[in-house]
Each structure stands twice: as structure tokens, then as C-alpha cells.
file work35.cif (mmCIF, C-alpha atoms)
data_query
#
loop_
_atom_site.label_atom_id
_atom_site.label_comp_id
_atom_site.auth_asym_id
_atom_site.auth_seq_id
_atom_site.Cartn_x
_atom_site.Cartn_y
_atom_site.Cartn_z
CA LYS A 105 85.54 98.62 99.14
CA GLN A 106 85.84 96.01 101.93
CA LEU A 107 89.46 95.29 100.90
CA ILE A 108 90.46 98.93 101.39
CA THR A 109 88.50 99.15 104.64
CA VAL A 110 90.11 96.01 106.08
CA PHE A 111 93.57 97.15 105.01
CA LEU A 112 93.19 100.58 106.62
CA ILE A 113 91.69 99.21 109.85
CA VAL A 114 94.46 96.62 110.21
CA GLN A 115 97.12 99.30 109.68
CA ILE A 116 95.51 101.61 112.25
CA ILE A 117 95.25 98.81 114.82
CA ASN A 118 98.89 97.85 114.30
CA VAL A 119 99.99 101.46 114.75
CA LEU A 120 97.93 101.91 117.91
CA PHE A 121 99.29 98.73 119.47
CA GLY A 122 102.79 99.76 118.40
CA ILE A 123 102.42 103.01 120.37
CA ILE A 124 101.02 101.19 123.42
CA MET A 125 103.78 98.57 123.40
CA TYR A 126 106.52 101.18 122.93
CA PHE A 127 105.56 103.24 125.96
CA PHE A 128 104.24 100.53 128.29
CA ILE A 129 106.43 97.53 127.40
CA VAL A 130 109.61 98.60 125.57
CA LYS A 131 110.24 101.61 127.82
CA GLN A 132 109.34 99.61 130.94
CA ARG A 133 110.91 96.31 129.93
CA GLY A 134 111.54 93.92 132.80
CA THR A 135 109.00 95.47 135.12
CA THR A 136 105.87 93.79 136.40
CA ALA A 137 103.81 96.44 134.64
CA SER A 138 105.27 95.55 131.24
CA TYR A 139 104.25 91.89 131.61
CA LEU A 140 100.81 92.88 132.87
CA VAL A 141 100.28 95.05 129.79
CA GLY A 142 101.57 92.33 127.48
CA TYR A 143 99.82 89.28 128.91
CA GLY A 144 96.90 91.07 130.52
CA PHE A 145 95.90 93.49 127.76
CA VAL A 146 97.71 93.09 124.44
CA PHE A 147 97.33 89.32 123.99
CA PRO A 148 93.63 89.15 125.00
CA ALA A 149 92.80 92.22 122.88
CA ILE A 150 94.47 91.04 119.70
CA THR A 151 92.87 87.61 120.10
CA ALA A 152 89.39 89.16 120.15
CA ILE A 153 89.87 91.86 117.50
CA PRO A 154 89.74 89.62 114.37
CA TYR A 155 86.40 88.15 115.51
CA LEU A 156 85.04 91.63 116.21
CA LEU A 157 86.18 92.84 112.77
CA ASN A 158 84.53 89.86 111.07
CA ASP A 159 81.27 90.66 112.88
CA TYR A 160 81.39 94.41 112.35
CA LEU A 161 82.30 94.23 108.65
CA GLN A 162 80.27 91.05 107.97
CA LEU A 163 83.19 89.56 106.08
CA GLU A 164 82.40 86.54 103.94
CA ASN A 165 85.37 86.59 101.57
CA MET A 166 87.90 84.08 102.89
CA MET A 167 90.83 86.23 101.81
CA LEU A 168 89.57 89.20 103.82
CA ARG A 169 88.78 87.06 106.86
CA MET A 170 92.30 85.67 106.76
CA THR A 171 93.68 89.20 106.42
CA THR A 172 92.09 90.25 109.72
CA SER A 173 94.08 87.52 111.48
CA ILE A 174 97.25 89.41 110.52
CA VAL A 175 96.51 91.66 113.51
CA PHE A 176 96.94 88.69 115.83
CA THR A 177 100.00 87.35 113.99
CA THR A 178 101.87 90.65 113.79
CA ILE A 179 101.19 92.10 117.23
CA SER A 180 101.50 88.85 119.21
CA PHE A 181 105.09 88.28 118.11
CA LYS A 182 106.02 91.96 118.40
CA CYS A 183 104.64 91.97 121.95
CA ALA A 184 106.73 88.91 122.94
CA GLU A 185 109.80 90.51 121.38
CA ALA A 186 109.19 93.70 123.35
CA MET A 187 108.80 91.88 126.66
CA TYR A 188 111.87 89.67 126.25
CA ASP A 189 114.19 92.09 124.41
CA THR A 190 114.53 90.20 121.13
CA THR A 191 113.32 92.92 118.75
CA THR A 192 115.23 93.53 115.52
CA PRO A 193 118.20 95.84 116.26
CA GLY A 194 117.38 99.46 115.46
CA ALA A 195 113.61 99.07 115.53
CA GLU A 196 113.29 100.34 119.11
CA HIS A 197 115.54 103.38 118.60
CA SER A 198 112.56 105.75 118.51
CA LEU A 199 108.77 105.75 118.58
CA ALA A 200 108.71 106.40 114.83
CA ASN A 201 110.99 103.43 114.19
CA TYR A 202 108.94 101.14 116.39
CA VAL A 203 105.59 102.11 114.90
CA THR A 204 107.08 101.60 111.43
CA TYR A 205 108.33 98.20 112.57
CA CYS A 206 104.92 97.16 113.97
CA HIS A 207 102.61 98.45 111.28
CA SER A 208 103.32 95.71 108.72
CA HIS A 209 103.56 91.93 108.80
CA ILE A 210 106.23 92.07 106.07
CA PRO A 211 109.63 92.88 107.59
CA CYS A 212 112.03 95.44 106.21
CA VAL A 213 115.81 95.12 106.42
CA TRP A 214 117.16 97.25 109.27
CA ASP A 215 120.69 98.58 109.69
CA ALA A 216 121.81 98.13 113.30
CA LYS A 217 124.43 100.89 112.97
CA THR A 218 122.28 103.62 111.46
CA LYS A 219 119.16 102.34 113.26
CA SER A 220 117.08 102.85 110.15
CA ARG A 221 115.66 100.82 107.30
CA VAL A 222 117.94 99.92 104.40
CA ARG A 223 117.23 101.43 100.97
CA ILE A 224 116.54 99.08 98.06
CA THR A 225 118.60 99.32 94.90
CA PRO A 226 117.02 99.49 91.41
CA ARG A 227 118.49 96.06 90.61
CA GLU A 228 116.98 94.50 93.73
CA LEU A 229 113.61 96.07 92.92
CA ALA A 230 113.74 94.67 89.38
CA ILE A 231 114.58 91.19 90.71
CA ASN A 232 111.68 91.31 93.17
CA ILE A 233 109.19 92.40 90.51
CA ASN A 234 110.40 89.77 88.04
CA ARG A 235 110.14 86.97 90.63
CA LEU A 236 106.69 88.12 91.66
CA LEU A 237 105.42 88.15 88.07
CA TRP A 238 106.74 84.65 87.43
CA HIS A 239 105.16 83.31 90.60
CA TYR A 240 101.82 84.90 89.74
CA THR A 241 102.00 83.34 86.28
CA PHE A 242 102.75 79.84 87.58
CA TYR A 243 100.13 80.22 90.31
CA SER A 244 97.45 81.26 87.83
CA ILE A 245 98.18 78.35 85.49
CA ILE A 246 98.23 75.72 88.26
CA LEU A 247 95.12 77.15 89.89
CA SER A 248 93.27 77.12 86.57
CA TYR A 249 93.99 73.41 86.27
CA LEU A 250 93.11 72.55 89.87
CA PHE A 251 89.73 74.25 89.55
CA THR A 252 88.84 71.74 86.82
CA CYS A 253 89.54 68.69 89.03
CA ASP A 254 88.43 70.10 92.40
CA PHE A 255 92.03 70.03 93.66
CA LYS A 256 92.33 66.25 93.25
CA PRO A 257 94.01 65.46 89.90
CA PHE A 258 94.04 61.78 90.82
CA PRO A 259 91.09 60.08 92.55
CA THR A 260 91.57 59.07 96.19
CA ASN A 261 89.37 58.46 99.22
CA ILE A 262 91.16 61.17 101.20
CA VAL A 263 88.90 64.06 102.19
CA LEU A 264 90.96 67.23 101.92
CA ASP A 265 89.45 69.08 104.86
CA GLN A 266 89.48 66.13 107.27
CA TYR A 267 92.04 65.20 109.89
CA HIS A 268 92.78 61.50 109.94
CA VAL A 269 95.68 59.06 109.78
CA SER A 270 95.60 55.94 107.61
CA TRP A 271 97.84 53.98 105.28
CA GLU A 272 96.10 55.64 102.36
CA LEU A 273 98.10 58.77 103.17
CA LEU A 274 101.03 56.94 101.53
CA HIS A 275 99.13 56.11 98.34
CA PRO A 276 100.97 57.48 95.26
CA ALA A 277 97.85 59.30 94.03
CA HIS A 278 97.47 61.08 97.37
CA ILE A 279 101.18 61.95 97.44
CA VAL A 280 100.99 63.55 93.99
CA ASN A 281 97.76 65.39 94.83
CA ASN A 282 99.22 66.75 98.05
CA TYR A 283 102.50 67.73 96.39
CA ILE A 284 100.61 69.82 93.83
CA LEU A 285 98.42 71.30 96.58
CA ALA A 286 101.45 72.14 98.73
CA PHE A 287 103.22 73.78 95.78
CA THR A 288 100.07 75.81 95.09
CA VAL A 289 99.99 76.95 98.72
CA PHE A 290 103.66 77.94 98.41
CA LEU A 291 102.90 80.02 95.30
CA TRP A 292 99.89 81.63 97.03
CA LEU A 293 101.98 82.56 100.05
CA SER A 294 104.85 83.78 97.90
CA CYS A 295 102.55 85.96 95.80
CA GLY A 296 100.74 87.34 98.85
CA PHE A 297 103.76 88.07 101.03
CA ASN A 298 105.92 89.35 98.19
CA THR A 299 103.11 91.64 97.03
CA GLY A 300 103.07 93.08 100.55
CA GLY A 301 106.84 93.42 100.37
CA LEU A 302 106.54 95.20 97.02
CA PHE A 303 104.61 98.03 98.71
CA HIS A 304 107.69 98.61 100.88
CA ASN A 305 110.00 98.26 97.88
CA LEU A 306 108.11 100.86 95.85
CA GLN A 307 108.55 103.27 98.75
CA GLY A 308 112.30 102.67 98.54
CA TRP A 309 112.77 100.18 101.38
CA LYS A 310 114.53 96.84 101.13
CA THR A 311 112.80 93.65 102.24
CA PRO A 312 114.46 90.26 102.77
CA ASP A 313 113.95 87.41 100.32
CA LEU A 314 110.90 85.75 101.84
CA PHE A 315 111.14 82.40 100.05
CA HIS A 316 114.24 80.61 98.75
CA SER A 317 112.88 77.88 96.45
CA PRO A 318 112.04 75.49 99.31
CA PHE A 319 110.76 72.78 96.94
CA PHE A 320 114.00 72.59 94.95
CA THR A 321 116.90 73.69 97.21
CA SER A 322 116.15 72.41 100.74
CA LYS A 323 118.93 70.22 102.15
CA SER A 324 117.07 69.13 105.29
CA PRO A 325 113.88 69.86 107.27
CA SER A 326 115.69 72.50 109.34
CA ASP A 327 117.12 74.09 106.19
CA CYS A 328 113.63 74.24 104.70
CA TRP A 329 111.91 75.77 107.72
CA SER A 330 114.68 78.09 108.94
CA LYS A 331 116.17 79.32 105.64
CA LYS A 332 113.84 78.60 102.73
CA TRP A 333 110.21 78.91 103.84
CA ASN A 334 108.44 82.21 104.56
CA PHE A 335 111.05 84.39 106.22
CA ALA A 336 108.34 86.80 107.43
CA VAL A 337 106.76 84.18 109.71
CA GLN A 338 110.05 82.39 110.43
CA SER A 339 111.75 85.57 111.66
CA SER A 340 108.73 86.43 113.82
CA LEU A 341 108.70 82.96 115.36
CA LYS A 342 112.43 83.12 115.98
CA SER A 343 112.40 86.51 117.72
CA GLY A 344 108.96 86.11 119.32
CA VAL A 345 109.19 82.52 120.58
CA PHE A 346 112.51 80.73 120.00
CA LEU A 347 114.87 83.37 121.38
CA PRO A 348 112.74 84.23 124.44
CA VAL A 349 112.37 80.54 125.37
CA GLN A 350 116.06 79.89 124.68
CA LYS A 351 116.94 82.43 127.39
CA TYR A 352 115.57 80.03 130.02
CA TYR A 353 115.67 76.56 128.44
CA SER A 354 117.66 74.49 125.94
CA SER A 355 117.54 74.98 122.17
CA THR A 356 115.61 71.71 121.85
CA VAL A 357 112.88 72.96 124.17
CA ALA A 358 112.87 76.30 122.32
CA LEU A 359 112.50 74.48 118.99
CA VAL A 360 109.51 72.44 120.17
CA CYS A 361 107.89 75.51 121.74
CA THR A 362 108.35 77.40 118.46
CA PHE A 363 106.50 74.75 116.47
CA ILE A 364 103.79 74.52 119.12
CA ALA A 365 103.36 78.29 118.91
CA SER A 366 103.24 78.11 115.12
CA GLY A 367 100.60 75.38 115.27
CA LEU A 368 98.46 77.30 117.75
CA LEU A 369 98.89 80.48 115.70
CA HIS A 370 97.61 78.72 112.59
CA ASP A 371 94.80 77.06 114.54
CA MET A 372 93.75 80.55 115.66
CA THR A 373 93.85 81.77 112.06
CA TRP A 374 91.75 78.78 110.97
CA SER A 375 89.27 79.53 113.74
CA GLN A 376 88.90 83.13 112.62
CA THR A 377 88.72 82.26 108.93
CA PHE A 378 86.84 78.97 108.65
CA TYR A 379 85.26 78.06 111.99
CA TYR A 380 83.62 81.35 112.97
CA ALA A 381 80.18 82.40 111.72
CA ASN A 382 79.55 86.15 111.67
CA SER A 383 76.72 87.11 114.01
CA GLY A 384 73.68 88.43 112.21
CA THR A 385 74.25 86.62 108.89
CA GLY A 386 72.37 83.47 109.84
CA LYS A 387 75.05 81.40 108.10
CA ASP A 388 76.89 78.44 109.57
CA PRO A 389 80.70 78.45 109.73
CA MET A 390 82.55 77.09 106.70
CA PHE A 391 83.57 73.95 108.62
CA GLN A 392 82.88 72.37 111.96
CA PRO A 393 85.93 73.04 114.13
CA ILE A 394 88.64 70.37 114.11
CA ALA A 395 90.68 70.94 117.25
CA PHE A 396 94.44 71.36 116.90
CA LYS A 397 94.74 70.10 113.33
CA GLN A 398 97.42 72.69 112.54
CA LEU A 399 99.17 71.96 115.81
CA ALA A 400 99.44 68.29 114.80
CA PHE A 401 100.88 69.28 111.42
CA PHE A 402 103.57 71.50 112.94
CA LEU A 403 104.39 69.02 115.71
CA TRP A 404 105.12 66.45 113.01
CA ASN A 405 107.58 68.92 111.47
CA SER A 406 109.22 69.48 114.85
CA ILE A 407 109.68 65.70 115.19
CA LEU A 408 111.38 65.65 111.77
CA MET A 409 113.77 68.37 112.87
CA LEU A 410 114.57 66.57 116.14
CA LEU A 411 115.33 63.37 114.21
CA GLU A 412 117.40 65.22 111.64
CA ARG A 413 120.76 64.96 113.42
CA PRO A 414 120.71 61.24 114.35
CA VAL A 415 119.22 60.21 110.99
CA GLY A 416 121.51 62.57 109.10
CA ASN A 417 124.57 60.82 110.56
CA LEU A 418 123.61 57.50 108.96
CA PRO A 419 126.09 56.60 106.18
CA MET A 420 123.39 56.13 103.55
CA VAL A 421 121.81 59.51 104.31
CA GLN A 422 125.20 61.24 104.21
CA TRP A 423 126.00 59.61 100.87
CA MET A 424 122.69 60.76 99.37
CA SER A 425 123.21 64.28 100.72
CA LYS A 426 126.65 64.54 99.10
CA ASN A 427 126.06 62.73 95.80
CA LEU A 428 122.45 63.24 94.73
CA PRO A 429 121.45 66.41 92.85
CA ARG A 430 120.01 69.12 95.09
CA PRO A 431 116.49 69.02 93.53
CA ILE A 432 116.27 65.28 94.26
CA VAL A 433 117.46 65.73 97.86
CA SER A 434 115.01 68.60 98.28
CA THR A 435 112.15 66.52 96.91
CA MET A 436 112.96 63.74 99.38
CA VAL A 437 112.92 66.30 102.21
CA ILE A 438 109.57 67.72 101.10
CA LEU A 439 108.08 64.22 100.76
CA LEU A 440 108.52 63.73 104.52
CA VAL A 441 105.76 66.30 105.00
CA ILE A 442 103.63 65.78 101.89
CA PRO A 443 101.37 62.95 103.21
CA PHE A 444 100.01 65.37 105.82
CA ALA A 445 100.05 68.54 103.69
CA HIS A 446 96.27 68.51 103.26
CA TRP A 447 95.92 69.12 107.01
CA PHE A 448 97.26 72.58 106.19
CA GLY A 449 96.18 73.27 102.61
CA GLY A 450 93.03 71.16 102.35
CA ASP A 451 90.85 73.73 104.10
CA TRP A 452 92.08 76.38 101.68
CA ALA A 453 90.91 74.29 98.73
CA VAL A 454 87.55 73.23 100.16
CA GLY A 455 87.00 76.53 101.98
CA LYS A 456 87.17 78.58 98.76
CA VAL A 457 90.27 80.58 99.73
CA PHE A 458 91.77 79.94 96.30
CA HIS A 459 88.44 80.64 94.59
CA HIS A 460 88.09 83.98 96.34
CA HIS A 461 91.69 84.87 95.57
CA ALA A 462 91.12 84.03 91.90
CA HIS A 463 89.17 87.29 91.55
CA ALA A 464 92.49 89.14 91.88
CA ILE A 465 94.43 87.16 89.24
CA PHE A 466 93.87 85.78 85.77
CA THR A 467 92.61 82.21 85.44
CA ILE A 468 91.77 80.07 82.45
CA ILE A 469 88.14 78.95 82.46
CA LYS A 470 86.56 76.37 80.17
CA LEU A 471 83.53 77.84 78.41
#
call {"tool": "encode", "arguments": {"input": "work35.cif", "output": "C-alpha cells"}}
result
Amino acid sequence: KQLITVFLIVQIINVLFGIIMYFFIVKQRGTTASYLVGYGFVFPAITAIPYLLNDYLQLENMMLRMTTSIVFTTISFKCAEAMYDTTTPGAEHSLANYVTYCHSHIPCVWDAKTKSRVRITPRELAININRLLWHYTFYSIILSYLFTCDFKPFPTNIVLDQYHVSWELLHPAHIVNNYILAFTVFLWLSCGFNTGGLFHNLQGWKTPDLFHSPFFTSKSPSDCWSKKWNFAVQSSLKSGVFLPVQKYYSSTVALVCTFIASGLLHDMTWSQTFYYANSGTGKDPMFQPIAFKQLAFFLWNSILMLLERPVGNLPMVQWMSKNLPRPIVSTMVILLVIPFAHWFGGDWAVGKVFHHHAHAIFTIIKL
């Protein structure tokens, strides 16, 4: 019952903000009034709404609490796009188009010429369903195993939900644990986002491929983040942060600002999901707030991308890139992030996000 309620409320809020932004920002772009509506009303309102929803609905399921943060994620980027004219071509052609564009966090493919969404073919639909079923299967099997070892297959002193830096982050046991955790997070995200995309597909609309095997085909950090990992969020960050900043500053500054925005976005989601106690329940928040943990994680990734060009020109790195099999190169790329992966996924494991999601899938339980 709460799932349906949250889903409907989120859709209604997205539609309402879509209407407001169309008339008061898109149609008045470049005016002082448009920026006042964006920065003075839309951003403050969508920041408060997830907390208000958690209080009003008394949400305790971590999946549902995280779902309410989609309001902030979707509308914040759409608002920035509207103010700085970086919206997907065709989406602003009419009010109907724009509301359709704003109502979902999962993007559809738009045709700039016809200014409408692209229809999906039966073959593309079959491919999407097949991929989704395989990912759900792998996710269920891995999650069943991780439940038996409390998400730490190999013993370490690392606390998954803590933010710290020590040499133990490079211990082989921690690396393996974090690699499995990161792959589980990837499967969770793939299943969740692609399930959302399937709702569009079943209505006949084409959605982009949201993940491109980042763990096995990434050639570099920039290739992983810009082409392989979560196109829904990546495209929103590009049009909502990178392109607007790039209009006034260099691409390097735009890149850093994009990762800062991503870190703050995830810190906001963590605040709404884990750090906020609903009023009236008498319960403490899941964790004590750890300031800017997600920001630190994404800043590390921005540093990797900034170092990519000078390091990539080294003869040894170029030789490995050209001669080693792609899965090995991709694994080496992923390992640059893995020591710190628990900053992102550790709260999901300890905070029962996976446990709450397990109610919606099959898992193997020891009797």
C-alpha cells in the first residue's frame, strides 16, 4: 500500500513541478523571474519535500525512503536544465512534452526532428527484458550469499558504514569484499533503473541502455563514468551541471563541479534515507550523520579523471591499454575506486536497504 502511495505522490509532484517550470522558467528563460522561481522556490521546495513525505507517511522501509529522494534528484536537474537551456532537444516543444519529460527519473529517447519520444521495437523490448531477468537472477544469488556473511565474505577490521582512511583499505580481503559489494550495488541499480525503464518500454517508448557492463568493458575512469555507469544519472548531471557550468568556465572546472554536485546529491539522499528520523515515531535515525562522505567518494573519482590524461600518456599505461584483454583493463580501472567503495555501498548493507529490497525478489535462505 505504501509503495503505491509513494509512487503516485512522487509522480504527481513531478508533474506539478513540470508545469510550474514550463510556464515560469522555460517560457521566461533568461529573465530575473525565471532564476527567482528556480533558486528561490523550486530548489528549496524539492529539498524539503522528501523529509515532509517521510514524516507524513511515516516511512521506515529504506527502499521507500530512498524513493522519495527521487523528487529532489529529478526536479533539481530538470530545473537547472530549464534555467540554462540544456534540456534534451524536443522535450520543451509543448507543455505535454515537458511534463512527460519531467514526470520520470528514467529518460526516454527523444527525436529532435519530430520532437517526440522514439518508439521501441519488439527486438529492443526483448533484449531489455532478457537483460533485466539475468541481472535479477545474479543479484538474487549474490545477495543470498552476502546475507549469510553480513556482507563481509572475508574478515577485516573495516567497518562498512564508517568513513576513515587507513592502510587497511588496501588489504586484499577488504579489496575483495568491496569489489563484491560494489558489484552488488551495480546489480541493484541496474535492476531498479531498468525496471523503471521497462514501464516506459511496455508503453511502447524506447529508453537508452542505462548500464554498459562497467565492470568488464571500461577503458578508463572517464569511460566508466561517462559511458558505462548509470546513464540516467549521468545524463542528468551532464545537462543539469556540466553543460551549464561549461558555458561560463573551462571543461575542467565543469568536470569538478559535476562531481561535487553528484557528491552533494548523494549526501542529500543519504540524509533523507539514513540520517533522518521521522517525527512521531520515537525512533533514532539509522546512523549518526557523517558529513560529506559521498562528496569525498565522488571527489576521489574526479581526481582520477583529472589524472587520466597525464597518466594515460605513460608508455607502460599505453602498452597495457593496447595489449591487455579488456576485462583485465576494466578490472584495473575499477580497482582504483574499490578501496573506498564502502563509503558509498556500506550504508546500504548496514542500513538494511538490501534486506528491505529482498522482499521484492527471490533469495535463498538457510533453514
call {"tool": "residues_around", "arguments": {"input": "work35.cif", "residues": "Arg133 (chain A)", "least_positions_apart": "5", "cutoff": "10 Å", "atoms": "all atoms listed in the file", "output": "compact mmCIF listing (two decimals) with C-alpha atoms, in the frame of the given file"}}
result
# COMPACT_ATOMS: atom_id res chain seq x y z
CA MET A 125 103.78 98.57 123.40
CA TYR A 126 106.52 101.18 122.93
CA PHE A 127 105.56 103.24 125.96
CA PHE A 128 104.24 100.53 128.29
CA SER A 138 105.27 95.55 131.24
CA TYR A 139 104.25 91.89 131.61
CA ALA A 186 109.19 93.70 123.35
CA MET A 187 108.80 91.88 126.66
CA TYR A 188 111.87 89.67 126.25
CA ASP A 189 114.19 92.09 124.41
call {"tool": "resolve_selection", "arguments": {"input": "work35.cif", "expression": "the PyMOL selection byres ((chain A and resi 242-259) around 10)", "output": "PyMOL selection string"}}
result
chain A and resi 237-241+260-264+276-282+284-285+287-292+294-295+450+453-454+458-459+462+465-470
call {"tool": "residues_near_point", "arguments": {"input": "work35.cif", "point": "(94.7, 92.4, 120.8)", "cutoff": "8 Å", "atoms": "all atoms listed in the file", "output": "ChimeraX atom specification"}}
result
/A:121,145-153,175-176,179-180
call {"tool": "write_last_selection", "arguments": {"input": "work35.cif", "atoms": "C-alpha atoms", "output": "tab-separated table (two decimals), keeping the file's coordinate frame"}}
result
chain	number	residue	atom	x	y	z
A	121	PHE	CA	99.29	98.73	119.47
A	145	PHE	CA	95.90	93.49	127.76
A	146	VAL	CA	97.71	93.09	124.44
A	147	PHE	CA	97.33	89.32	123.99
A	148	PRO	CA	93.63	89.15	125.00
A	149	ALA	CA	92.80	92.22	122.88
A	150	ILE	CA	94.47	91.04	119.70
A	151	THR	CA	92.87	87.61	120.10
A	152	ALA	CA	89.39	89.16	120.15
A	153	ILE	CA	89.87	91.86	117.50
A	175	VAL	CA	96.51	91.66	113.51
A	176	PHE	CA	96.94	88.69	115.83
A	179	ILE	CA	101.19	92.10	117.23
A	180	SER	CA	101.50	88.85	119.21
call {"tool": "axis_aligned_box", "arguments": {"input": "work35.cif", "around": "region 295-310 of chain A", "padding_each_side": "8 Å", "output": "JSON"}}
result
{"center_x": 107.6, "center_y": 94.6, "center_z": 98.6, "size_x": 29.8, "size_y": 33.3, "size_z": 21.6}
call {"tool": "atom_distance", "arguments": {"input": "work35.cif", "atom1": "CA of Phe335 (chain A)", "atom2": "CA of Arg169 (chain A)"}}
result
22.4 Å
call {"tool": "residues_around", "arguments": {"input": "work35.cif", "residues": "Phe297 (chain A)", "least_positions_apart": "5", "cutoff": "9 Å", "atoms": "all atoms listed in the file", "output": "MDAnalysis selection string"}}
result
chainID A and resid 209:210 292 302 314 334 336
call {"tool": "closest_residue", "arguments": {"input": "work35.cif", "among": "A:Ile113, A:Ala400, A:Ile438, A:Leu418", "to": "Ser366 (chain A)", "atoms": "only C-alpha atoms"}}
result
A:Ala400
call {"tool": "closest_residue", "arguments": {"input": "work35.cif", "among": "A:Lys182, A:Lys331, A:Lys397, A:His461", "to": "Asn118 (chain A)", "atoms": "all atoms listed in the file"}}
result
A:Lys182
call {"tool": "atom_distance", "arguments": {"input": "work35.cif", "atom1": "CA of Asn232 (chain A)", "atom2": "CA of Thr299 (chain A)"}}
result
9.4 Å
call {"tool": "resolve_selection", "arguments": {"input": "work35.cif", "expression": "the PyMOL selection byres ((chain A and resi 309) around 8)", "output": "VMD selection string"}}
result
chain A and resid 212 to 213 221 to 224 304 to 308 310 to 311
call {"tool": "resolve_selection", "arguments": {"input": "work35.cif", "expression": "the PyMOL selection byres ((chain A and resi 375) around 10)", "output": "number ranges by chain"}}
result
A: 155, 170, 173, 369-374, 376-381, 389, 391-395
call {"tool": "closest_residue", "arguments": {"input": "work35.cif", "among": "A:Pro429, A:Gly122, A:Pro419, A:Gly367", "to": "Ser322 (chain A)", "atoms": "all atoms listed in the file"}}
result
A:Pro429
